[in-house]
>>> print(open('input_12.txt').read())   # compact mmCIF, C-alpha atoms
# COMPACT_ATOMS: atom_id res chain seq x y z
CA MET J 1374 94.13 124.84 48.42
CA ASN J 1375 93.05 121.31 49.37
CA ILE J 1376 94.69 117.98 48.42
CA LYS J 1377 92.21 117.16 45.63
CA ASN J 1378 93.00 120.45 43.89
CA ASN J 1379 96.73 119.73 44.16
CA ILE J 1380 96.27 116.29 42.63
CA PHE J 1381 94.17 117.74 39.77
CA ILE J 1382 96.74 120.43 39.00
CA PHE J 1383 99.57 117.89 39.10
CA LEU J 1384 97.83 115.42 36.81
CA PHE J 1385 96.72 118.18 34.43
CA SER J 1386 100.29 119.40 34.12
CA VAL J 1387 101.37 115.85 33.39
CA LEU J 1388 98.85 115.63 30.54
CA LEU J 1389 99.94 118.95 29.02
CA CYS J 1390 103.59 117.93 29.04
CA ASN J 1391 102.97 114.47 27.61
CA LEU J 1392 100.27 114.81 24.97
CA ASN J 1393 102.01 112.21 22.79
CA ALA J 1394 102.41 109.65 25.61
CA GLN J 1395 99.96 107.00 26.74
CA ILE J 1396 98.82 107.34 30.36
CA LYS J 1397 98.42 104.07 32.30
CA PRO J 1398 97.54 103.47 35.96
CA LEU J 1399 100.27 101.47 37.71
CA ASN J 1400 98.25 100.11 40.66
CA LEU J 1401 101.24 98.70 42.53
CA LEU J 1402 100.96 100.84 45.67
CA PRO J 1403 98.21 100.15 48.20
CA ASP J 1404 95.43 102.70 48.44
CA THR J 1405 96.42 103.30 52.06
CA THR J 1406 99.80 102.70 53.67
CA THR J 1407 99.97 102.59 57.49
CA ILE J 1408 103.27 102.89 59.34
CA CYS J 1409 104.36 103.64 62.89
CA VAL J 1410 104.93 107.17 64.06
CA GLY J 1411 108.59 108.04 63.47
CA ASP J 1412 109.08 105.41 60.76
CA SER J 1413 109.27 105.84 56.98
CA PHE J 1414 108.08 103.72 54.07
CA LEU J 1415 110.37 102.98 51.10
CA VAL J 1416 108.78 102.96 47.64
CA LYS J 1417 110.92 101.31 44.98
CA PHE J 1418 109.81 99.74 41.70
CA SER J 1419 111.40 96.67 40.16
CA GLU J 1420 113.10 96.94 36.74
CA ASP J 1421 110.84 94.08 35.63
CA ILE J 1422 107.97 96.58 35.84
CA VAL J 1423 109.64 99.91 35.13
CA SER J 1424 112.38 100.54 32.57
CA ARG J 1425 115.81 101.44 33.85
CA THR J 1426 115.81 104.60 31.73
CA ALA J 1427 112.43 105.82 32.99
CA THR J 1428 112.13 109.17 34.71
CA TYR J 1429 110.32 109.74 37.99
CA ASN J 1430 108.33 112.62 39.37
CA TRP J 1431 106.98 112.53 42.93
CA GLN J 1432 104.48 114.76 44.65
CA THR J 1433 104.32 114.48 48.43
CA PRO J 1434 102.26 116.52 50.91
CA LYS J 1435 105.40 118.65 51.45
CA GLN J 1436 107.12 118.96 48.05
CA ILE J 1437 107.63 117.85 44.43
CA ILE J 1438 110.66 115.63 43.80
CA VAL J 1439 112.08 114.75 40.38
CA HIS J 1440 114.61 112.18 39.12
CA ALA J 1441 114.36 110.00 42.26
CA LYS J 1442 113.91 106.31 41.43
CA GLN J 1443 112.99 105.53 45.04
CA LEU J 1444 111.56 107.55 47.87
CA TYR J 1445 111.06 107.23 51.60
CA LEU J 1446 107.54 108.33 52.46
CA LYS J 1447 107.39 109.98 55.86
CA HIS J 1448 104.63 112.61 55.74
CA LYS J 1449 100.96 112.01 56.33
CA GLY J 1450 98.79 112.45 53.23
CA ILE J 1451 98.56 111.52 49.54
CA HIS J 1452 101.75 110.62 47.65
CA ILE J 1453 101.73 110.53 43.81
CA VAL J 1454 104.41 109.09 41.56
CA LYS J 1455 104.58 109.65 37.76
CA ILE J 1456 106.88 107.38 35.78
CA ASN J 1457 107.69 108.13 32.11
CA ASP J 1458 109.53 105.50 30.07
CA GLY J 1459 109.16 107.41 26.78
CA LYS J 1460 106.27 105.32 25.53
CA LYS J 1461 103.79 105.62 28.32
CA ILE J 1462 103.22 107.44 31.55
CA MET J 1463 102.45 105.35 34.64
CA ILE J 1464 100.82 106.94 37.66
CA ASP J 1465 100.27 105.48 41.12
CA THR J 1466 99.10 106.91 44.45
CA THR J 1467 98.96 105.93 48.11
CA TYR J 1468 97.70 107.63 51.23
CA LEU J 1469 100.18 107.48 54.11
CA LYS J 1470 98.88 107.47 57.67
CA PHE J 1471 100.50 106.79 61.04
CA THR J 1472 99.72 104.62 64.06
CA GLU J 1473 101.14 105.22 67.52
CA LYS J 1474 103.71 102.69 68.72
CA PRO J 1475 102.69 100.80 71.89
CA LYS J 1476 104.42 102.22 74.93
CA LEU J 1477 105.34 99.48 77.37
CA ARG J 1478 108.15 99.08 79.85
CA ILE J 1479 108.16 96.06 82.18
CA ARG J 1480 110.76 96.31 84.90
CA ASP J 1481 112.88 93.41 86.05
CA THR J 1482 111.32 91.82 89.11
CA VAL J 1483 111.77 89.17 91.80
CA ILE J 1484 109.91 86.00 92.78
CA CYS J 1485 109.62 85.57 96.54
CA GLY J 1486 108.46 81.99 96.93
CA SER J 1487 105.03 82.27 95.25
CA PRO J 1488 103.99 82.99 91.63
CA ILE J 1489 103.65 86.60 90.48
CA ILE J 1490 101.36 88.27 87.94
CA ILE J 1491 102.79 90.71 85.39
CA THR J 1492 100.13 92.92 83.78
CA THR J 1493 100.33 95.57 81.05
CA HIS J 1494 97.25 97.54 82.19
CA ASN J 1495 96.07 97.93 78.58
CA LYS J 1496 93.56 95.58 76.96
CA ASN J 1497 93.42 97.50 73.65
CA PHE J 1498 96.55 95.92 72.18
CA LYS J 1499 97.31 92.38 71.04
CA TYR J 1500 99.94 90.45 72.98
CA ASN J 1501 102.23 87.52 72.36
CA TRP J 1502 104.30 86.42 75.38
CA SER J 1503 107.36 84.21 75.31
CA ASN J 1504 105.43 81.41 77.03
CA GLY J 1505 102.64 81.45 74.42
CA GLU J 1506 100.10 83.50 76.39
CA THR J 1507 98.06 86.05 74.43
CA PHE J 1508 96.32 87.98 77.23
CA ASP J 1509 97.31 91.34 78.68
CA GLN J 1510 98.94 89.65 81.68
CA ILE J 1511 101.14 86.64 82.44
CA ARG J 1512 101.58 84.35 85.47
CA ILE J 1513 105.23 83.64 86.26
CA GLU J 1514 106.31 80.81 88.53
CA LYS J 1515 110.01 80.43 87.64
CA PRO J 1516 112.94 82.83 87.25
CA GLY J 1517 114.22 83.53 83.75
CA THR J 1518 114.18 85.99 80.85
CA TYR J 1519 110.76 86.77 79.39
CA TRP J 1520 109.57 88.91 76.47
CA VAL J 1521 106.29 90.24 75.16
CA LYS J 1522 105.44 91.48 71.67
CA VAL J 1523 102.76 94.17 71.69
CA ASN J 1524 100.87 94.96 68.48
CA ASN J 1525 98.78 98.08 67.86
CA LYS J 1526 97.35 97.46 64.39
CA SER J 1527 100.46 97.47 62.20
CA CYS J 1528 102.83 98.80 64.87
CA ALA J 1529 104.63 96.27 67.05
CA PHE J 1530 106.95 96.68 70.00
CA THR J 1531 108.90 94.01 71.93
CA ASP J 1532 109.97 94.36 75.54
CA THR J 1533 112.25 91.98 77.44
CA PHE J 1534 112.52 91.66 81.21
CA LYS J 1535 114.21 89.40 83.73
CA VAL J 1536 112.73 87.60 86.73
CA THR J 1537 115.11 86.48 89.46
CA THR J 1538 114.62 84.60 92.71
CA GLY J 1539 114.74 86.67 95.88
CA ASN J 1540 115.82 85.42 99.27
CA ALA J 1541 112.46 83.82 99.90
CA VAL J 1542 111.67 82.04 103.15
CA VAL J 1543 110.73 78.37 102.73
CA PRO J 1544 109.17 76.80 105.86
CA ASN J 1545 109.39 73.06 106.59
CA PHE J 1546 105.81 72.99 107.91
CA GLY J 1547 102.29 73.39 106.60
CA LYS J 1548 99.22 74.92 108.20
CA GLU J 1549 98.82 72.17 110.81
CA LEU J 1550 101.23 69.74 112.43
CA LEU J 1551 100.21 66.67 114.49
CA VAL J 1552 102.79 65.37 116.95
CA CYS J 1553 102.59 62.18 119.01
CA GLU J 1554 102.80 62.76 122.76
CA ASN J 1555 105.62 60.25 123.24
CA GLU J 1556 107.80 61.92 120.60
CA PRO J 1557 110.41 64.60 121.33
CA PRO J 1558 109.38 68.21 120.53
CA ARG J 1559 109.09 68.79 116.78
CA LEU J 1560 111.55 71.18 115.14
CA LEU J 1561 109.98 74.06 113.23
CA SER J 1562 112.47 75.62 110.83
CA VAL J 1563 112.67 77.84 107.78
CA LYS J 1564 115.18 78.07 104.96
CA ALA J 1565 116.25 81.66 104.46
CA GLY J 1566 119.09 83.68 102.95
CA SER J 1567 121.78 85.38 104.97
CA ASP J 1568 120.19 88.83 104.59
CA VAL J 1569 116.80 87.68 105.91
CA LYS J 1570 115.91 88.64 109.47
CA LEU J 1571 113.68 86.21 111.41
CA TYR J 1572 111.48 86.69 114.44
CA TRP J 1573 109.35 83.93 116.06
CA ASN J 1574 106.42 84.58 118.38
CA THR J 1575 108.41 82.73 121.05
CA GLY J 1576 111.00 85.55 120.94
CA ALA J 1577 113.63 83.54 119.07
CA ASN J 1578 115.37 84.94 115.98
CA THR J 1579 117.02 81.74 114.81
CA SER J 1580 116.15 79.67 111.74
CA GLY J 1581 114.38 77.04 113.88
CA ILE J 1582 112.63 76.42 117.20
CA ASN J 1583 111.25 73.40 119.06
CA ALA J 1584 107.45 73.19 119.39
CA SER J 1585 107.27 71.88 122.94
CA LYS J 1586 103.53 72.39 123.44
CA GLU J 1587 100.31 72.76 121.54
CA GLY J 1588 99.44 76.12 120.01
CA VAL J 1589 100.00 78.46 117.08
CA TYR J 1590 103.57 79.25 116.13
CA TRP J 1591 104.49 81.95 113.61
CA VAL J 1592 107.67 83.38 112.18
CA LYS J 1593 108.02 86.80 110.59
CA SER J 1594 110.73 87.24 107.96
CA THR J 1595 112.05 90.51 106.54
CA SER J 1596 114.35 90.95 103.53
CA LYS J 1597 115.30 93.78 101.16
CA ASN J 1598 113.88 92.20 98.00
CA CYS J 1599 110.87 90.33 99.37
CA GLY J 1600 109.76 92.64 102.16
CA THR J 1601 107.98 91.18 105.19
CA ARG J 1602 105.94 87.98 105.28
CA THR J 1603 104.57 85.74 108.02
CA ASP J 1604 104.24 81.94 108.05
CA SER J 1605 102.31 80.13 110.78
CA VAL J 1606 101.48 76.59 111.87
CA THR J 1607 99.11 75.10 114.43
CA VAL J 1608 100.78 72.33 116.46
CA LYS J 1609 98.55 69.65 118.00
CA TYR J 1610 99.69 66.79 120.23
CA LYS J 1611 97.88 63.46 120.36
CA ASN J 1612 98.33 60.08 121.99
CA CYS J 1613 99.24 57.99 119.00
CA ASP J 1614 98.85 54.77 121.03
CA CYS J 1615 95.23 55.57 121.96
CA ASP J 1616 93.52 56.05 118.62
CA ILE J 1617 89.80 55.31 118.46
CA PHE J 1618 88.50 53.29 115.52
CA ILE J 1619 84.90 54.13 114.62
CA PRO J 1620 83.22 52.07 111.84
CA ASN J 1621 81.35 53.98 109.15
CA SER J 1622 78.66 51.34 108.51
CA PHE J 1623 77.00 48.21 109.96
CA THR J 1624 74.29 45.71 108.97
CA PRO J 1625 71.94 44.78 111.86
CA ASN J 1626 70.18 41.91 110.01
CA ASP J 1627 70.77 39.18 112.67
CA ASP J 1628 73.25 37.19 110.58
CA ASP J 1629 75.84 37.45 113.37
CA ARG J 1630 78.13 39.51 111.12
CA ASN J 1631 78.56 43.23 111.70
CA ASP J 1632 75.20 43.39 113.51
CA LEU J 1633 76.28 45.93 116.16
CA PHE J 1634 77.83 49.40 116.03
CA ALA J 1635 80.44 50.46 118.61
CA PRO J 1636 83.76 52.33 118.68
CA VAL J 1637 86.94 50.32 119.28
CA PHE J 1638 89.21 51.74 121.98
CA GLN J 1639 92.89 51.12 122.67
CA CYS J 1640 93.05 52.97 126.01
CA ASP J 1641 91.01 53.36 129.19
CA TYR J 1642 88.66 56.28 129.68
CA THR J 1643 87.17 57.72 132.86
CA TYR J 1644 84.23 59.24 131.02
CA PHE J 1645 82.37 58.09 127.93
CA SER J 1646 79.28 59.29 126.05
CA LEU J 1647 77.97 58.18 122.66
CA THR J 1648 74.85 59.71 121.08
CA ILE J 1649 73.39 58.86 117.66
CA PHE J 1650 70.88 61.04 115.79
CA ASP J 1651 68.75 60.50 112.72
CA ARG J 1652 68.77 62.91 109.77
CA TRP J 1653 66.14 65.10 111.49
CA GLY J 1654 68.18 65.47 114.67
CA ASN J 1655 66.17 63.03 116.77
CA THR J 1656 68.14 60.93 119.27
CA VAL J 1657 67.87 57.24 118.45
CA TYR J 1658 70.60 55.93 120.76
CA THR J 1659 72.61 57.19 123.73
CA SER J 1660 74.90 55.49 126.22
CA ASN J 1661 77.50 56.26 128.87
CA ASN J 1662 78.74 52.68 129.03
CA ILE J 1663 81.85 52.17 126.96
CA ASN J 1664 80.99 48.47 126.55
CA ASN J 1665 77.51 49.00 125.14
CA LYS J 1666 76.78 48.62 121.44
CA TRP J 1667 73.93 49.89 119.24
CA ASP J 1668 71.79 47.21 117.63
CA GLY J 1669 70.18 49.59 115.11
CA LYS J 1670 66.91 49.85 117.04
CA PHE J 1671 65.03 52.67 118.74
CA LYS J 1672 62.77 51.62 121.63
CA GLY J 1673 62.88 48.06 120.33
CA ASN J 1674 61.86 48.92 116.78
CA PRO J 1675 64.32 48.58 113.85
CA CYS J 1676 65.51 51.89 112.47
CA PRO J 1677 65.25 52.31 108.68
CA ASP J 1678 68.22 52.10 106.33
CA ASP J 1679 69.76 55.56 106.37
CA VAL J 1680 72.80 57.64 107.29
CA TYR J 1681 72.96 58.60 110.97
CA VAL J 1682 75.12 61.13 112.84
CA TYR J 1683 77.11 60.26 115.95
CA ARG J 1684 78.91 62.29 118.61
CA LEU J 1685 81.45 60.70 120.94
CA ASP J 1686 82.82 62.40 124.06
CA ALA J 1687 85.43 60.79 126.30
CA ILE J 1688 88.12 61.62 128.85
CA GLN J 1689 91.31 59.61 128.69
CA LYS J 1690 92.45 57.95 131.90
CA GLY J 1691 95.80 59.11 133.26
CA ASN J 1692 96.06 62.49 131.54
CA ASP J 1693 92.41 63.69 131.58
CA LYS J 1694 92.67 64.52 127.87
CA LYS J 1695 89.29 65.21 126.33
CA VAL J 1696 88.38 63.39 123.14
CA ILE J 1697 85.56 64.48 120.83
CA ARG J 1698 84.58 62.68 117.64
CA ASN J 1699 81.80 63.53 115.19
CA GLY J 1700 80.88 61.56 112.10
CA HIS J 1701 78.38 59.54 110.09
CA ILE J 1702 77.31 55.91 110.27
CA SER J 1703 75.40 54.11 107.51
CA LEU J 1704 72.81 51.50 108.49
CA PHE J 1705 72.09 48.72 105.97
CA ARG J 1706 69.93 45.67 106.56
>>> encode(input="input_12.txt", output="structure tokens")
Amino acid sequence: MNIKNNIFIFLFSVLLCNLNAQIKPLNLLPDTTTICVGDSFLVKFSEDIVSRTATYNWQTPKQIIVHAKQLYLKHKGIHIVKINDGKKIMIDTTYLKFTEKPKLRIRDTVICGSPIIITTHNKNFKYNWSNGETFDQIRIEKPGTYWVKVNNKSCAFTDTFKVTTGNAVVPNFGKELLVCENEPPRLLSVKAGSDVKLYWNTGANTSGINASKEGVYWVKSTSKNCGTRTDSVTVKYKNCDCDIFIPNSFTPNDDDRNDLFAPVFQCDYTYFSLTIFDRWGNTVYTSNNINNKWDGKFKGNPCPDDVYVYRLDAIQKGNDKKVIRNGHISLFR
């Protein structure tokens, strides 16, 4: 026998037993009530609506219950309540259905120097994180206690997790380090916890080494919480007293101000070459004389206003260090 037949039989029996009473729909319960699997829904009517002396009859998908002024609904299907206060009969119904609770468990985790991404791997739910994010994942940069509220229709679940700081390795260098030749060797060091094991490509296992020559230096760190990571730096030495100043523009208009283009040197060089090209790659000037300057002409004819490309090659006197510079020069008249 289906649910509609049960409802008809129940209501018909109500009419037969209460021919002298007035039947009135109550319309206080929603047509459909949705709750989470495993939960129950309490139905209780206020005395402002129903008399204290009224009698109750309930029909659930499982049984008929009498004389219960309130009832916890916990079975899927139609629930009917008949209330008789002696003058009228009030009837109300609701259909109870269930929604699965979101299943989510985020483990406590560790930050090892760089931000981490926590993801739920489910885009079907709605999310509200403790930092205000509403996506299915969160970017965490600092340690602390975090929570997320997950909502699947009317069913919500909140999970809390902790993020702590591991024994991360913090280097005192970036990707490249320039050192002046007259300075003492630069110290490369890392800040690490006591349980972190270090190994440099020089063979050292200390927290720091001296970079005594040019090259790539790297350190590998291993710890229980953060695993293995590698940090590296390229060390370059330069003669800080022999910088070359190269202007980025000049105005060869014969006003005796900024009419010529030439690099400015602070040291002596045994070899020098300067070549200037136009935007199509044609050579408009070349010289091996460090004292020569470009007047903005090609074969005696003024070159047009434009941006030109230069290449400078030189060998420093005393240490035979090669110097190469590439750049752009703007010509304005």
>>> residues_around(input="input_12.txt", residues="J:Thr1533", least_positions_apart="6", cutoff="12 Å", atoms="only C-alpha atoms", output="MDAnalysis selection string")
chainID J and resid 1477:1482 1502:1503 1517:1523
>>> write_last_selection(input="input_12.txt", atoms="C-alpha atoms", output="compact mmCIF listing (two decimals), keeping the file's coordinate frame")
# COMPACT_ATOMS: atom_id res chain seq x y z
CA LEU J 1477 105.34 99.48 77.37
CA ARG J 1478 108.15 99.08 79.85
CA ILE J 1479 108.16 96.06 82.18
CA ARG J 1480 110.76 96.31 84.90
CA ASP J 1481 112.88 93.41 86.05
CA THR J 1482 111.32 91.82 89.11
CA TRP J 1502 104.30 86.42 75.38
CA SER J 1503 107.36 84.21 75.31
CA GLY J 1517 114.22 83.53 83.75
CA THR J 1518 114.18 85.99 80.85
CA TYR J 1519 110.76 86.77 79.39
CA TRP J 1520 109.57 88.91 76.47
CA VAL J 1521 106.29 90.24 75.16
CA LYS J 1522 105.44 91.48 71.67
CA VAL J 1523 102.76 94.17 71.69
>>> residues_around(input="input_12.txt", residues="J:Pro1636", least_positions_apart="3", cutoff="12 Å", atoms="all atoms listed in the file", output="NGL selection string")
:J and (1616-1623 or 1633 or 1639-1640 or 1645-1648 or 1662-1667 or 1683-1687 or 1698-1700 or 1702)
>>> residues_near_point(input="input_12.txt", point="(91.1, 64.0, 127.2)", cutoff="12 Å", atoms="only C-alpha atoms", output="PyMOL selection string")
chain J and resi 1610-1612+1615-1616+1640-1645+1685-1698
>>> residues_around(input="input_12.txt", residues="J:Thr1601", least_positions_apart="2", cutoff="12 Å", atoms="all atoms listed in the file", output="ChimeraX atom specification")
/J:1485,1540-1542,1569-1572,1592-1599,1603-1604
>>> closest_residue(input="input_12.txt", among="J:Gly1450, J:Pro1434, J:Gly1539, J:Pro1557", to="J:Gly1486", atoms="all atoms listed in the file")
J:Gly1539
>>> atom_distance(input="input_12.txt", atom1="atom CA of J:Phe1638", atom2="atom CA of J:Glu1549")
25.2 Å
>>> closest_residue(input="input_12.txt", among="J:Asp1614, J:Glu1514, J:Asp1628, J:Glu1473", to="J:Ile1491", atoms="all atoms listed in the file")
J:Glu1514
>>> closest_residue(input="input_12.txt", among="J:Thr1537, J:Asn1524, J:Asn1504, J:Asn1631", to="J:Ile1484", atoms="all atoms listed in the file")
J:Thr1537
>>> decode(input="input_12.txt", residues="stretch 1536-1566 of chain J", atoms="C-alpha atoms", output="mmCIF file, in the first residue's frame")
data_model
loop_
_atom_site.group_PDB
_atom_site.id
_atom_site.type_symbol
_atom_site.label_atom_id
_atom_site.label_comp_id
_atom_site.auth_asym_id
_atom_site.auth_seq_id
_atom_site.Cartn_x
_atom_site.Cartn_y
_atom_site.Cartn_z
ATOM 1 C CA VAL J 1536 49.468 25.135 11.036
ATOM 2 C CA THR J 1537 52.848 25.311 12.737
ATOM 3 C CA THR J 1538 56.276 26.465 11.596
ATOM 4 C CA GLY J 1539 58.776 23.737 10.799
ATOM 5 C CA ASN J 1540 62.522 24.053 11.093
ATOM 6 C CA ALA J 1541 62.767 25.872 7.793
ATOM 7 C CA VAL J 1542 66.094 26.955 6.349
ATOM 8 C CA VAL J 1543 66.388 30.713 5.778
ATOM 9 C CA PRO J 1544 69.379 31.719 3.607
ATOM 10 C CA ASN J 1545 71.043 35.148 3.891
ATOM 11 C CA PHE J 1546 71.515 35.359 0.106
ATOM 12 C CA GLY J 1547 69.394 35.694 -3.005
ATOM 13 C CA LYS J 1548 69.839 34.229 -6.467
ATOM 14 C CA GLU J 1549 72.894 36.354 -7.309
ATOM 15 C CA LEU J 1550 75.560 38.047 -5.224
ATOM 16 C CA LEU J 1551 78.033 40.681 -6.515
ATOM 17 C CA VAL J 1552 81.246 41.066 -4.535
ATOM 18 C CA CYS J 1553 83.936 43.713 -5.021
ATOM 19 C CA GLU J 1554 87.376 42.287 -5.775
ATOM 20 C CA ASN J 1555 89.073 44.259 -3.009
ATOM 21 C CA GLU J 1556 86.656 42.975 -0.362
ATOM 22 C CA PRO J 1557 87.265 39.895 1.811
ATOM 23 C CA PRO J 1558 85.389 36.707 0.777
ATOM 24 C CA ARG J 1559 81.644 37.030 1.373
ATOM 25 C CA LEU J 1560 80.050 34.784 3.999
ATOM 26 C CA LEU J 1561 77.187 32.618 2.759
ATOM 27 C CA SER J 1562 75.100 31.347 5.655
ATOM 28 C CA VAL J 1563 71.715 29.853 6.449
ATOM 29 C CA LYS J 1564 69.565 29.961 9.559
ATOM 30 C CA ALA J 1565 68.437 26.466 10.480
ATOM 31 C CA GLY J 1566 67.155 24.509 13.469
#
